[in-house]
Each structure stands twice: as C-alpha cells, then as structure tokens.
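final_25.pdb follows; it contains PDB, C-alpha atoms, pLDDT in the B column.
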```
ATOM      1  CA  MET A   1      11.718  85.722-120.655  1.00 94.00           C
ATOM      2  CA  ILE A   2      12.404  88.768-118.535  1.00 98.00           C
ATOM      3  CA  PHE A   3      15.951  90.029-117.978  1.00 98.00           C
ATOM      4  CA  ARG A   4      16.366  92.500-115.130  1.00 98.00           C
ATOM      5  CA  GLU A   5      18.684  93.649-112.360  1.00 98.00           C
ATOM      6  CA  ALA A   6      18.824  91.293-109.408  1.00 98.00           C
ATOM      7  CA  GLN A   7      17.174  92.247-106.118  1.00 98.00           C
ATOM      8  CA  ILE A   8      17.830  91.018-102.577  1.00 97.00           C
ATOM      9  CA  ALA A   9      14.569  89.059-102.704  1.00 97.00           C
ATOM     10  CA  ASP A  10      16.011  87.044-105.637  1.00 98.00           C
ATOM     11  CA  ILE A  11      18.818  85.502-103.591  1.00 97.00           C
ATOM     12  CA  PRO A  12      16.954  82.330-102.525  1.00 96.00           C
ATOM     13  CA  GLN A  13      16.114  81.519-106.157  1.00 97.00           C
ATOM     14  CA  ILE A  14      19.654  82.456-107.265  1.00 97.00           C
ATOM     15  CA  GLN A  15      20.945  79.906-104.751  1.00 95.00           C
ATOM     16  CA  ILE A  16      18.622  77.252-106.197  1.00 94.00           C
ATOM     17  CA  VAL A  17      20.013  77.882-109.687  1.00 96.00           C
ATOM     18  CA  ARG A  18      23.629  77.900-108.422  1.00 93.00           C
ATOM     19  CA  ASN A  19      23.168  74.593-106.640  1.00 90.00           C
ATOM     20  CA  SER A  20      21.319  72.920-109.527  1.00 88.00           C
ATOM     21  CA  VAL A  21      24.144  73.085-112.078  1.00 81.00           C
ATOM     22  CA  LYS A  22      25.807  69.873-113.266  1.00 76.00           C
ATOM     23  CA  GLU A  23      29.248  71.425-113.967  1.00 76.00           C
ATOM     24  CA  ASN A  24      31.321  73.871-111.923  1.00 71.00           C
ATOM     25  CA  THR A  25      29.489  72.638-108.856  1.00 62.00           C
ATOM     26  CA  LEU A  26      30.315  73.784-105.347  1.00 68.00           C
ATOM     27  CA  SER A  27      31.980  71.143-103.190  1.00 63.00           C
ATOM     28  CA  ASP A  28      29.881  72.521-100.344  1.00 67.00           C
ATOM     29  CA  PRO A  29      26.828  74.735-101.023  1.00 66.00           C
ATOM     30  CA  ALA A  30      27.552  76.602 -97.782  1.00 71.00           C
ATOM     31  CA  LEU A  31      30.708  78.015 -99.426  1.00 75.00           C
ATOM     32  CA  VAL A  32      28.555  80.706-101.068  1.00 87.00           C
ATOM     33  CA  SER A  33      26.190  82.240 -98.525  1.00 91.00           C
ATOM     34  CA  ASP A  34      23.214  84.499 -99.104  1.00 93.00           C
ATOM     35  CA  LYS A  35      25.308  87.286 -97.577  1.00 96.00           C
ATOM     36  CA  ASP A  36      28.081  86.629-100.144  1.00 95.00           C
ATOM     37  CA  CYS A  37      25.530  87.035-102.936  1.00 95.00           C
ATOM     38  CA  GLU A  38      24.255  90.255-101.408  1.00 97.00           C
ATOM     39  CA  VAL A  39      27.768  91.698-101.037  1.00 97.00           C
ATOM     40  CA  PHE A  40      28.777  90.857-104.609  1.00 97.00           C
ATOM     41  CA  MET A  41      25.517  92.159-106.110  1.00 97.00           C
ATOM     42  CA  PHE A  42      25.140  95.390-104.143  1.00 97.00           C
ATOM     43  CA  GLU A  43      28.515  96.391-102.673  1.00 97.00           C
ATOM     44  CA  ARG A  44      31.172  94.996-104.983  1.00 97.00           C
ATOM     45  CA  GLY A  45      29.277  95.013-108.268  1.00 97.00           C
ATOM     46  CA  LYS A  46      25.931  94.194-109.780  1.00 98.00           C
ATOM     47  CA  GLY A  47      23.786  91.203-110.671  1.00 98.00           C
ATOM     48  CA  TRP A  48      21.114  90.328-113.230  1.00 98.00           C
ATOM     49  CA  VAL A  49      18.583  87.552-113.523  1.00 98.00           C
ATOM     50  CA  CYS A  50      16.508  85.886-116.201  1.00 98.00           C
ATOM     51  CA  GLU A  51      12.992  85.123-115.070  1.00 98.00           C
ATOM     52  CA  ILE A  52      10.429  82.842-116.719  1.00 97.00           C
ATOM     53  CA  ASP A  53       6.958  82.557-115.180  1.00 96.00           C
ATOM     54  CA  ASN A  54       8.162  84.238-111.959  1.00 95.00           C
ATOM     55  CA  ARG A  55      10.991  81.714-111.629  1.00 97.00           C
ATOM     56  CA  ILE A  56      14.653  82.710-111.839  1.00 98.00           C
ATOM     57  CA  VAL A  57      16.317  80.395-114.348  1.00 98.00           C
ATOM     58  CA  GLY A  58      19.677  82.136-114.739  1.00 98.00           C
ATOM     59  CA  PHE A  59      21.812  84.838-113.200  1.00 97.00           C
ATOM     60  CA  ALA A  60      25.055  86.740-113.676  1.00 98.00           C
ATOM     61  CA  ILE A  61      27.126  88.808-111.233  1.00 98.00           C
ATOM     62  CA  ALA A  62      30.060  91.123-112.028  1.00 98.00           C
ATOM     63  CA  ASP A  63      32.574  92.128-109.351  1.00 98.00           C
ATOM     64  CA  LEU A  64      34.062  95.589-109.918  1.00 97.00           C
ATOM     65  CA  GLN A  65      36.413  95.271-106.939  1.00 97.00           C
ATOM     66  CA  ASP A  66      38.398  92.308-108.324  1.00 97.00           C
ATOM     67  CA  ASP A  67      37.569  92.955-112.021  1.00 97.00           C
ATOM     68  CA  ASN A  68      35.972  89.531-112.137  1.00 97.00           C
ATOM     69  CA  ILE A  69      32.858  87.773-113.347  1.00 97.00           C
ATOM     70  CA  TRP A  70      31.785  86.223-110.073  1.00 95.00           C
ATOM     71  CA  ALA A  71      28.944  84.150-111.496  1.00 95.00           C
ATOM     72  CA  LEU A  72      27.096  83.224-114.678  1.00 96.00           C
ATOM     73  CA  PHE A  73      24.838  80.209-114.199  1.00 95.00           C
ATOM     74  CA  ILE A  74      21.767  78.807-115.926  1.00 96.00           C
ATOM     75  CA  HIS A  75      19.438  76.188-114.472  1.00 96.00           C
ATOM     76  CA  PRO A  76      20.021  72.914-116.392  1.00 94.00           C
ATOM     77  CA  ASP A  77      16.371  72.780-117.498  1.00 95.00           C
ATOM     78  CA  PHE A  78      16.824  76.103-119.328  1.00 96.00           C
ATOM     79  CA  GLU A  79      20.194  75.658-121.051  1.00 92.00           C
ATOM     80  CA  LYS A  80      20.670  76.244-124.786  1.00 93.00           C
ATOM     81  CA  LYS A  81      17.971  78.911-125.001  1.00 96.00           C
ATOM     82  CA  GLY A  82      20.302  81.937-125.305  1.00 96.00           C
ATOM     83  CA  ILE A  83      19.890  82.944-121.659  1.00 97.00           C
ATOM     84  CA  GLY A  84      23.604  82.785-120.829  1.00 96.00           C
ATOM     85  CA  ARG A  85      24.527  84.775-123.914  1.00 96.00           C
ATOM     86  CA  LYS A  86      21.961  87.490-123.106  1.00 97.00           C
ATOM     87  CA  LEU A  87      22.974  87.705-119.431  1.00 98.00           C
ATOM     88  CA  GLN A  88      26.614  87.974-120.501  1.00 97.00           C
ATOM     89  CA  GLU A  89      25.743  90.741-122.970  1.00 96.00           C
ATOM     90  CA  ILE A  90      23.866  92.760-120.343  1.00 97.00           C
ATOM     91  CA  MET A  91      26.582  92.231-117.727  1.00 97.00           C
ATOM     92  CA  LEU A  92      29.591  93.020-119.948  1.00 97.00           C
ATOM     93  CA  THR A  93      27.925  96.054-121.509  1.00 96.00           C
ATOM     94  CA  TRP A  94      27.324  97.436-118.012  1.00 97.00           C
ATOM     95  CA  TYR A  95      30.781  96.423-116.796  1.00 97.00           C
ATOM     96  CA  PHE A  96      32.581  98.235-119.608  1.00 97.00           C
ATOM     97  CA  GLU A  97      30.443 101.350-119.099  1.00 96.00           C
ATOM     98  CA  GLN A  98      32.331 101.617-115.800  1.00 96.00           C
ATOM     99  CA  PRO A  99      35.920 102.902-115.903  1.00 95.00           C
ATOM    100  CA  LYS A 100      37.197  99.364-116.548  1.00 96.00           C
ATOM    101  CA  GLU A 101      39.474  98.034-119.285  1.00 97.00           C
ATOM    102  CA  LYS A 102      39.580  94.293-118.563  1.00 97.00           C
ATOM    103  CA  VAL A 103      37.654  91.574-116.741  1.00 98.00           C
ATOM    104  CA  TRP A 104      38.548  87.964-115.962  1.00 97.00           C
ATOM    105  CA  LEU A 105      36.878  84.743-114.908  1.00 97.00           C
ATOM    106  CA  GLY A 106      37.831  81.196-114.095  1.00 94.00           C
ATOM    107  CA  THR A 107      36.053  78.006-115.136  1.00 93.00           C
ATOM    108  CA  ALA A 108      36.711  74.284-114.996  1.00 90.00           C
ATOM    109  CA  PHE A 109      38.389  72.410-117.855  1.00 92.00           C
ATOM    110  CA  ASN A 110      36.373  70.416-120.379  1.00 92.00           C
ATOM    111  CA  THR A 111      33.017  71.976-119.515  1.00 92.00           C
ATOM    112  CA  ARG A 112      30.258  73.563-121.546  1.00 91.00           C
ATOM    113  CA  ALA A 113      31.189  76.816-119.768  1.00 92.00           C
ATOM    114  CA  GLU A 114      34.715  76.601-121.193  1.00 95.00           C
ATOM    115  CA  GLN A 115      33.272  76.110-124.694  1.00 95.00           C
ATOM    116  CA  PHE A 116      30.796  78.972-124.172  1.00 95.00           C
ATOM    117  CA  TYR A 117      33.497  81.439-123.137  1.00 96.00           C
ATOM    118  CA  ARG A 118      35.748  80.487-126.050  1.00 95.00           C
ATOM    119  CA  LYS A 119      32.866  80.804-128.503  1.00 95.00           C
ATOM    120  CA  THR A 120      31.818  84.211-127.150  1.00 95.00           C
ATOM    121  CA  GLY A 121      35.256  85.795-127.508  1.00 95.00           C
ATOM    122  CA  TRP A 122      37.022  85.313-124.172  1.00 97.00           C
ATOM    123  CA  LYS A 123      40.794  84.787-124.396  1.00 97.00           C
ATOM    124  CA  GLU A 124      42.526  82.100-122.360  1.00 96.00           C
ATOM    125  CA  THR A 125      45.351  83.684-120.344  1.00 96.00           C
ATOM    126  CA  GLY A 126      46.540  80.815-118.153  1.00 91.00           C
ATOM    127  CA  MET A 127      45.399  79.093-115.006  1.00 92.00           C
ATOM    128  CA  HIS A 128      43.289  80.265-112.088  1.00 90.00           C
ATOM    129  CA  GLY A 129      44.483  78.129-109.215  1.00 81.00           C
ATOM    130  CA  SER A 130      45.249  74.543-110.153  1.00 85.00           C
ATOM    131  CA  LYS A 131      41.855  73.428-111.464  1.00 87.00           C
ATOM    132  CA  GLU A 132      40.510  76.263-113.602  1.00 92.00           C
ATOM    133  CA  ILE A 133      41.280  78.045-116.857  1.00 96.00           C
ATOM    134  CA  LYS A 134      41.586  81.812-116.599  1.00 97.00           C
ATOM    135  CA  PHE A 135      39.884  83.829-119.331  1.00 98.00           C
ATOM    136  CA  GLU A 136      39.989  87.574-119.939  1.00 98.00           C
ATOM    137  CA  MET A 137      37.913  90.015-121.932  1.00 98.00           C
ATOM    138  CA  THR A 138      39.156  93.506-122.730  1.00 97.00           C
ATOM    139  CA  LYS A 139      36.949  96.510-123.306  1.00 97.00           C
ATOM    140  CA  ASN A 140      38.176  96.781-126.908  1.00 95.00           C
ATOM    141  CA  ASP A 141      37.477  93.102-127.584  1.00 95.00           C
ATOM    142  CA  TRP A 142      33.979  93.433-126.082  1.00 95.00           C
ATOM    143  CA  LEU A 143      33.211  96.553-128.111  1.00 93.00           C
ATOM    144  CA  ASN A 144      34.284  94.764-131.298  1.00 92.00           C
ATOM    145  CA  ILE A 145      32.212  91.669-130.446  1.00 89.00           C
ATOM    146  CA  SER A 146      29.110  93.550-129.333  1.00 86.00           C
ATOM    147  CA  ASN A 147      29.080  95.858-132.370  1.00 77.00           C
ATOM    148  CA  ARG A 148      28.905  93.034-134.911  1.00 60.00           C
TER     149      ARG A 148
END
```

What would the structure in this file look like if it were written as structure tokens?
Amino acid sequence: MIFREAQIADIPQIQIVRNSVKENTLSDPALVSDKDCEVFMFERGKGWVCEIDNRIVGFAIADLQDDNIWALFIHPDFEKKGIGRKLQEIMLTWYFEQPKEKVWLGTAFNTRAEQFYRKTGWKETGMHGSKEIKFEMTKNDWLNISNR
C-alpha cells in the first residue's frame, strides 16, 4: 500500500473509485467532473490517494475554502483494510497544520461512513441539507485523538 499526494493524472482512477461505492452514491456521475476534482485538489485544497499495484483504491480530498472534507472514498473491494483511517489521518494532520480550527463533512444516515466518522471522533452537529448528517472535527479534538 502506498499513500501519497494526488496528482492530476490520478483523476480518472479517482473517478472510478468514486463511482464504485455502494453507499453515498452520486445520483448522476456527471455531477462531479474531472475539472471539479482538479479544482478541489489543487486550488481549493489538497488530495491524497492509496495505491495498490499501481491501482488507486481510495482517496481523500480536503477543501480549505469551505473548511470541508470534500471526499473520502474507498473502493468496495478494499474496504476494512485501514485505508480510510490512514487517508483520514494524513488529510486531517495536513488540514490542521494550516491555520484552521475546525472542519466539517456531511454523510448519509445509516451508512458505514456514518459509523466510521463516529468511531474516529467526529461530533454530530446537526443536518447538512435534508438527507445528511453534519459532523465536525476541531483542531483540539484531532490533536487529542492523533496523539493517543
């Protein structure tokens, strides 16, 4: 397993992972374009990938502009191997090295993602729209979690 910063050339494989997930699926894959990925990874924030045998199997993208985790997805064939946890660790460590105090994300109810975020220390703070739970992580909470 190789964890590294995402590159523009990774976008096609990132799109494959994003469109392979069984939960938090896009109603229309065209809703997230290659250009969107590029903007979020290189203008608004940063992205990371996990690669196995030259294949991207997971990715994470943090958005500094909206203080948001824009994406954290693992290909279904590679779930439950610690990839999501490691990508989150890399992403949040970087995020809180910036002059940021809090980050949020939204995820669907009754999903493995919801369970993952609860288990890894995110705090539910309400709703994001009408169909997602809003979670937040503060810098202090992350520092306490990551220093265990």

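Between atom CA of A:Ala108 and atom CA of A:Leu87 the separation is 19.7 Å.
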
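In this model, the gap between atom CA of A:Lys119 and atom CA of A:Ile145 comes to 11.1 Å.
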
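For the residues A:His75, A:Lys100, A:Arg18, A:Arg118, ranking by smallest atom-to-atom distance to A:Glu51 using only C-alpha atoms places A:His75 first.
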
Which of these, A:Gly58, A:Arg85, A:Val103, A:Asn24, has the shortest distance to A:Glu132 once you count all atoms listed in the file? A:Asn24

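With only C-alpha atoms as the basis for measurement, A:Ile8 is the residue among A:Ile8, A:Gln88, A:Ile14, A:Tyr117 that approaches A:Glu43 most closely.
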
Box along x, y and z, 3 Å on every side, all listed atoms of stretch 101-118 of chain A inside: centre and edge lengths in Å to one decimal, as JSON.
```
{"center_x": 34.9, "center_y": 84.2, "center_z": -120.1, "size_x": 15.3, "size_y": 33.6, "size_z": 18.0}
```
